[in-house]
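A quick write-up on the structure given underneath.
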Amino acid sequence: TLYVDMQAEAHGDNALTLPSSIPEGDQNQDWEDQNEKSRVPYQIHNSYILNHIKNGFVIIDQQHAHERILFERYLARARQNKPEVQSLLFPISLELKKEDEVLLNKILLEVNKLGFDIEGFGGYSIIIRGIPAGLEENDCGELLQKILEQYRGNLNLELGVEENLARSLAKNAAIKKPKRLKLDEMQELINQLFACESPSYSPSGRKCYVSYDLESLEKSFK
């Protein structure tokens, strides 16, 4: 069968197998259907995902796509007041700067709606008992400080508190480039992106994907 080992290339191998047992002129519709089903996403430079579509292909920016997915997820949780909290085995005490502590006190209710479980501990100290489900426990104190910084930077956009926080958390929690993804992770990201209400752009307005049709591709080889 005709076979190109794209995954071997992704692993740094040089394997390329091109023998074909299909007779010349016998590439019928059954073969085309089977070939269509076997197509899988392919990661480029651990940053972009190439995926077939009916009349061409799309290239997805995995970081921007993940930001869009997380943004819609966090915003929905906040607006529905249905946080998904991942309790920490060992709560974390954190000393904040005065301006961060003042800001957090103003928006603490909305922050906890995202899935955090935070309470004051006197002075400029807080205790983090839980974080949004799916986040890594490592450096969650640093993550919170980045969210507050990003939130402050978004104030000139005149967003609502929930939308601002969802954008800030999504930007900081999304996967960063470059990051190698497994095949099932790529497929899951693609499925979740195109299930979003607005899959075309990240919350900050960056493109999540670009599409190319076969006609344009053919023209580039003339």
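Labels for the structure tokens follow display order: chains A, B, ..., residues from 1 in each chain, ligands from 1.
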**OP:** Determine, counting only C-alpha atoms, which protein, DNA and RNA residues have an atom within 12 Å of an atom of A:Gly134; residues of the same chain fewer than 3 positions away are not included. Present the result as a PyMOL selection string.
**Re:** chain A and resi 70+73-74+83-87+114-116+130-131+137-138+140+170+173-174
Mind dumping the selected residues with N, CA, C and O atoms as a compact mmCIF listing (two decimals), in the first residue's frame?
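What landed in part-v1.txt:
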```
# COMPACT_ATOMS: atom_id res chain seq x y z
N LEU A 70 -10.02 27.41 25.79
CA LEU A 70 -10.05 27.67 27.23
C LEU A 70 -10.88 28.90 27.56
O LEU A 70 -11.62 28.91 28.55
N ARG A 73 -14.50 28.05 27.52
CA ARG A 73 -14.79 27.14 28.62
C ARG A 73 -14.87 27.90 29.95
O ARG A 73 -15.83 27.75 30.72
N TYR A 74 -13.87 28.73 30.21
CA TYR A 74 -13.83 29.47 31.48
C TYR A 74 -14.96 30.50 31.55
O TYR A 74 -15.56 30.69 32.61
N PRO A 83 -18.23 26.56 38.73
CA PRO A 83 -16.78 26.33 38.68
C PRO A 83 -16.43 24.86 38.87
O PRO A 83 -17.14 24.12 39.56
N GLU A 84 -15.36 24.44 38.20
CA GLU A 84 -14.84 23.09 38.39
C GLU A 84 -13.51 23.23 39.12
O GLU A 84 -12.50 23.62 38.53
N VAL A 85 -13.54 22.94 40.41
CA VAL A 85 -12.39 23.18 41.28
C VAL A 85 -11.59 21.90 41.47
O VAL A 85 -12.14 20.83 41.73
N GLN A 86 -10.29 22.04 41.34
CA GLN A 86 -9.35 20.95 41.62
C GLN A 86 -8.66 21.28 42.94
O GLN A 86 -7.80 22.15 43.01
N SER A 87 -9.06 20.61 44.00
CA SER A 87 -8.52 20.92 45.32
C SER A 87 -7.04 20.53 45.41
O SER A 87 -6.63 19.49 44.90
N LEU A 114 -14.18 31.04 38.38
CA LEU A 114 -13.40 30.37 37.34
C LEU A 114 -12.92 28.99 37.78
O LEU A 114 -12.52 28.17 36.95
N GLY A 115 -12.95 28.74 39.08
CA GLY A 115 -12.50 27.44 39.57
C GLY A 115 -11.42 27.53 40.63
O GLY A 115 -10.95 26.51 41.12
N PHE A 116 -11.02 28.75 40.98
CA PHE A 116 -10.08 28.92 42.09
C PHE A 116 -10.82 28.81 43.41
O PHE A 116 -12.03 29.06 43.49
N GLY A 130 -7.59 25.68 46.01
CA GLY A 130 -7.99 24.95 44.81
C GLY A 130 -7.75 25.80 43.57
O GLY A 130 -7.67 27.02 43.64
N ILE A 131 -7.62 25.12 42.44
CA ILE A 131 -7.39 25.79 41.16
C ILE A 131 -8.35 25.21 40.13
O ILE A 131 -8.93 24.13 40.35
N GLU A 137 -0.68 21.93 39.03
CA GLU A 137 -0.54 22.49 40.37
C GLU A 137 0.75 23.28 40.53
O GLU A 137 0.83 24.18 41.36
N ASN A 138 1.75 22.95 39.73
CA ASN A 138 3.04 23.63 39.85
C ASN A 138 2.90 25.11 39.54
O ASN A 138 2.27 25.50 38.55
N CYS A 140 1.16 27.52 40.72
CA CYS A 140 -0.16 28.13 40.59
C CYS A 140 -0.17 29.53 41.22
O CYS A 140 -0.98 30.38 40.84
N ALA A 170 -7.07 32.14 30.21
CA ALA A 170 -6.85 31.35 29.01
C ALA A 170 -5.48 31.64 28.40
O ALA A 170 -4.77 30.72 27.98
N ALA A 173 -2.88 29.96 30.71
CA ALA A 173 -3.00 28.52 30.91
C ALA A 173 -2.83 27.72 29.62
O ALA A 173 -2.60 26.51 29.67
N ALA A 174 -2.94 28.38 28.47
CA ALA A 174 -2.85 27.68 27.19
C ALA A 174 -1.45 27.12 26.96
O ALA A 174 -0.46 27.63 27.50
```
Original post:
In stretch 70-113 of chain A, what's strand (DSSP E) per DSSP? Answer as a VMD selection string?
Top reply: chain A and resid 85 to 95
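Of note, atom CA of A:Cys208 and atom CA of A:Gly56 are spaced 16.9 Å apart.
Note that the spacing between atom CA of A:Lys179 and atom CA of A:Asn51 amounts to 17.3 Å.
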Subject >> All helix (DSSP H, G or I) positions in stretch 33-215 of chain A, as a ChimeraX atom specification >> reply: /A:33-38,62-80,98-113,140-153,155-157,161-173,183-193,214-215
Deliver the residues from the most recent selection as a file, using C-alpha atoms, as a PDB file, in the first residue's frame.
```pdb
ATOM      1  CA  ASP A  33     -12.424   6.477   0.514  1.00  0.00           C
ATOM      2  CA  GLN A  34      -9.963   4.362   2.480  1.00  0.00           C
ATOM      3  CA  ASN A  35      -7.210   6.932   1.985  1.00  0.00           C
ATOM      4  CA  GLU A  36      -9.536   9.716   3.160  1.00  0.00           C
ATOM      5  CA  LYS A  37     -10.303   7.879   6.396  1.00  0.00           C
ATOM      6  CA  SER A  38      -6.631   7.208   7.109  1.00  0.00           C
ATOM      7  CA  GLN A  62      -2.055  25.269  18.441  1.00  0.00           C
ATOM      8  CA  GLN A  63      -1.435  27.992  21.045  1.00  0.00           C
ATOM      9  CA  HIS A  64      -4.029  30.408  19.691  1.00  0.00           C
ATOM     10  CA  ALA A  65      -6.510  27.557  19.244  1.00  0.00           C
ATOM     11  CA  HIS A  66      -6.032  26.399  22.820  1.00  0.00           C
ATOM     12  CA  GLU A  67      -6.535  29.965  24.082  1.00  0.00           C
ATOM     13  CA  ARG A  68      -9.884  30.128  22.246  1.00  0.00           C
ATOM     14  CA  ILE A  69     -10.982  26.759  23.664  1.00  0.00           C
ATOM     15  CA  LEU A  70     -10.051  27.670  27.230  1.00  0.00           C
ATOM     16  CA  PHE A  71     -11.534  31.159  26.984  1.00  0.00           C
ATOM     17  CA  GLU A  72     -14.974  29.879  25.997  1.00  0.00           C
ATOM     18  CA  ARG A  73     -14.795  27.143  28.623  1.00  0.00           C
ATOM     19  CA  TYR A  74     -13.834  29.473  31.478  1.00  0.00           C
ATOM     20  CA  LEU A  75     -16.296  32.162  30.444  1.00  0.00           C
ATOM     21  CA  ALA A  76     -19.158  29.659  30.370  1.00  0.00           C
ATOM     22  CA  ARG A  77     -18.251  28.369  33.836  1.00  0.00           C
ATOM     23  CA  ALA A  78     -18.061  31.882  35.254  1.00  0.00           C
ATOM     24  CA  ARG A  79     -21.353  33.046  33.737  1.00  0.00           C
ATOM     25  CA  GLN A  80     -23.176  29.897  34.811  1.00  0.00           C
ATOM     26  CA  LYS A  98      -0.247  45.566  47.857  1.00  0.00           C
ATOM     27  CA  GLU A  99      -1.723  46.527  44.474  1.00  0.00           C
ATOM     28  CA  ASP A 100      -2.342  42.860  43.594  1.00  0.00           C
ATOM     29  CA  GLU A 101      -4.008  42.171  46.937  1.00  0.00           C
ATOM     30  CA  VAL A 102      -6.269  45.210  46.521  1.00  0.00           C
ATOM     31  CA  LEU A 103      -7.223  44.135  42.994  1.00  0.00           C
ATOM     32  CA  LEU A 104      -7.833  40.514  44.008  1.00  0.00           C
ATOM     33  CA  ASN A 105     -10.143  41.585  46.820  1.00  0.00           C
ATOM     34  CA  LYS A 106     -12.260  43.506  44.300  1.00  0.00           C
ATOM     35  CA  ILE A 107     -12.667  40.573  41.929  1.00  0.00           C
ATOM     36  CA  LEU A 108     -12.275  37.588  44.289  1.00  0.00           C
ATOM     37  CA  LEU A 109     -15.848  36.374  43.720  1.00  0.00           C
ATOM     38  CA  GLU A 110     -15.344  36.280  39.960  1.00  0.00           C
ATOM     39  CA  VAL A 111     -11.897  34.683  40.317  1.00  0.00           C
ATOM     40  CA  ASN A 112     -13.399  31.853  42.370  1.00  0.00           C
ATOM     41  CA  LYS A 113     -16.139  31.408  39.766  1.00  0.00           C
ATOM     42  CA  CYS A 140      -0.156  28.133  40.588  1.00  0.00           C
ATOM     43  CA  GLY A 141       0.840  31.118  42.734  1.00  0.00           C
ATOM     44  CA  GLU A 142       2.851  32.517  39.839  1.00  0.00           C
ATOM     45  CA  LEU A 143      -0.070  31.797  37.513  1.00  0.00           C
ATOM     46  CA  LEU A 144      -2.429  33.800  39.722  1.00  0.00           C
ATOM     47  CA  GLN A 145      -0.048  36.765  39.709  1.00  0.00           C
ATOM     48  CA  LYS A 146       0.194  36.615  35.910  1.00  0.00           C
ATOM     49  CA  ILE A 147      -3.598  36.553  35.662  1.00  0.00           C
ATOM     50  CA  LEU A 148      -3.860  39.668  37.813  1.00  0.00           C
ATOM     51  CA  GLU A 149      -1.197  41.387  35.706  1.00  0.00           C
ATOM     52  CA  GLN A 150      -2.952  40.423  32.481  1.00  0.00           C
ATOM     53  CA  TYR A 151      -6.307  41.489  33.919  1.00  0.00           C
ATOM     54  CA  ARG A 152      -4.884  44.901  34.773  1.00  0.00           C
ATOM     55  CA  GLY A 153      -3.494  45.228  31.259  1.00  0.00           C
ATOM     56  CA  LEU A 155      -8.729  47.207  31.692  1.00  0.00           C
ATOM     57  CA  ASN A 156      -8.394  49.643  28.805  1.00  0.00           C
ATOM     58  CA  LEU A 157     -10.443  47.242  26.658  1.00  0.00           C
ATOM     59  CA  VAL A 161     -14.912  41.333  34.810  1.00  0.00           C
ATOM     60  CA  GLU A 162     -15.786  37.744  33.858  1.00  0.00           C
ATOM     61  CA  GLU A 163     -14.675  38.129  30.241  1.00  0.00           C
ATOM     62  CA  ASN A 164     -11.470  39.884  31.267  1.00  0.00           C
ATOM     63  CA  LEU A 165     -10.614  37.144  33.753  1.00  0.00           C
ATOM     64  CA  ALA A 166     -11.474  34.364  31.295  1.00  0.00           C
ATOM     65  CA  ARG A 167      -9.187  35.966  28.703  1.00  0.00           C
ATOM     66  CA  SER A 168      -6.387  36.404  31.223  1.00  0.00           C
ATOM     67  CA  LEU A 169      -6.601  32.837  32.500  1.00  0.00           C
ATOM     68  CA  ALA A 170      -6.850  31.352  29.005  1.00  0.00           C
ATOM     69  CA  LYS A 171      -3.798  33.260  27.794  1.00  0.00           C
ATOM     70  CA  ASN A 172      -1.676  32.085  30.711  1.00  0.00           C
ATOM     71  CA  ALA A 173      -2.998  28.516  30.909  1.00  0.00           C
ATOM     72  CA  LEU A 183      -1.807  12.325  17.778  1.00  0.00           C
ATOM     73  CA  ASP A 184      -4.831  12.023  20.063  1.00  0.00           C
ATOM     74  CA  GLU A 185      -4.020  15.420  21.612  1.00  0.00           C
ATOM     75  CA  MET A 186      -3.932  17.050  18.177  1.00  0.00           C
ATOM     76  CA  GLN A 187      -7.225  15.456  17.221  1.00  0.00           C
ATOM     77  CA  GLU A 188      -8.853  16.509  20.487  1.00  0.00           C
ATOM     78  CA  LEU A 189      -7.657  20.099  20.056  1.00  0.00           C
ATOM     79  CA  ILE A 190      -9.056  20.190  16.499  1.00  0.00           C
ATOM     80  CA  ASN A 191     -12.417  18.798  17.621  1.00  0.00           C
ATOM     81  CA  GLN A 192     -12.691  21.229  20.523  1.00  0.00           C
ATOM     82  CA  LEU A 193     -11.660  24.228  18.421  1.00  0.00           C
ATOM     83  CA  LEU A 214      -6.443  22.779  -3.665  1.00  0.00           C
ATOM     84  CA  GLU A 215      -6.807  25.258  -6.523  1.00  0.00           C
TER      85      GLU A 215
END
```
Original post:
How many Å lie between atom CA of A:Ile118 and atom CA of A:Ile175, rounded to one decimal?
Top reply: 24.0 Å
